[in-house]
Amino acid sequence: MIDIFLILILLICVITDVKSRKIYNKVIYPSLMVTFIYHFATSGWDGLSHSFLGFLIGFGLLLIPYFMGGMGAGDVKLLGLIGAMKGGAFVFQSFFYIAIIGAIMALGIILFRKGIFKSMVYYLSSLRQGVVLKGGIARGSLTATYPYGVAIAGGAVMGLIFQGWTLI
């Protein structure tokens, strides 16, 4: 049941992150409270402490990138919510997939933004011909932002899949 709730929350957060570049507190906070209540109701104080520890681990994993300005606060809270729902071990496993998906997204954005890929092809082909073209990657393309909530959701779904979760 908690897996279906997680998928629903991830879907909502991906939609809002892509549309408005925000992960809303009005989604995260009630979900967090429902998660804590669910774990307390099903497993007592052990379940609640396990859930809270998972929240702290998930929250802590993205806290430094947030303080460095590379991450939004909603992303940090979303990973904390995933930790609260599924526990610390799951959030660590998912974090590996999140990092891979996020890196692929970032590379894609850098390469395909404002003709950078085309410029690189021209540059490499000119090197083959023995001509060196001046140029490089525009500074603006290196500071591009993207909805990291998509990577977080993708990593969490990958974590669920590799745990043996199926929709059927």
# chains A, B, ... in the order shown; residues from 1 in each chain; ligands from 1
$ residues_around --residues "stretch 38-43 of chain A" --least-positions-apart "5" --cutoff "12 Å" --atoms "only C-alpha atoms" --output "ChimeraX atom specification"
/A:1-2,5,31-33,48-52,54,84-87
$ select_by_dssp --residues "chain A" --states "helix (DSSP H, G or I)" --output "ChimeraX atom specification"
/A:2-20,25-61,63-67,73-86,88-112,116-128,139-142,148-162
$ closest_atom_pairs --of "stretch 8-120 of chain A" --to "stretch 145-152 of chain A" --cutoff "7 Å" --atoms "only C-alpha atoms" --output "tab-separated table"
residue	atom	partner	partner_atom	distance
A:Cys13	CA	A:Gly149	CA	6.8
A:Val14	CA	A:Val150	CA	5.4
A:Asp17	CA	A:Pro147	CA	5.7
A:Val18	CA	A:Pro147	CA	5.9
A:Arg21	CA	A:Pro147	CA	6.0
A:Asp75	CA	A:Gly149	CA	5.9
A:Ile98	CA	A:Ile152	CA	5.2
A:Ile101	CA	A:Ala151	CA	5.4
A:Gly102	CA	A:Ala151	CA	5.1
$ atom_distance --atom1 "atom CA of A:Ser94" --atom2 "atom CA of A:Leu56"
14.8 Å
$ atom_distance --atom1 "atom CA of A:Leu160" --atom2 "atom CA of A:Tyr97"
10.9 Å
$ residues_around --residues "A:Gly159" --least-positions-apart "4" --cutoff "9 Å" --atoms "only C-alpha atoms" --output "compact mmCIF listing (two decimals) with C-alpha atoms, in the first residue's frame"
# COMPACT_ATOMS: atom_id res chain seq x y z
CA PHE A 90 15.89 2.01 0.25
CA VAL A 91 16.71 5.70 0.04
CA GLN A 93 19.83 2.43 -2.97
CA SER A 94 17.56 4.89 -4.77
CA PHE A 95 20.10 7.67 -4.35
CA TYR A 97 19.90 5.55 -9.34
CA GLY A 154 13.00 7.93 -11.59
CA GLY A 155 15.55 6.75 -9.04
CA GLN A 163 13.37 -4.55 -5.04
CA GLY A 164 11.05 -6.78 -7.01
CA TRP A 165 8.03 -4.49 -7.05
$ closest_residue --among "A:Ala156, A:Leu62, A:Ala103, A:Ile161" --to "A:Ile82" --atoms "only C-alpha atoms"
A:Ala156
$ atom_distance --atom1 "atom CA of A:Tyr29" --atom2 "atom CA of A:Ala73"
12.8 Å
$ residues_around --residues "A:Asn25" --least-positions-apart "5" --cutoff "9 Å" --atoms "only C-alpha atoms" --output "list in words"
Pro30, Gly74 and Lys77 of chain A
$ residues_around --residues "A:Leu79" --least-positions-apart "3" --cutoff "6 Å" --atoms "only C-alpha atoms" --output "VMD selection string"
chain A and resid 58 to 59 76 82
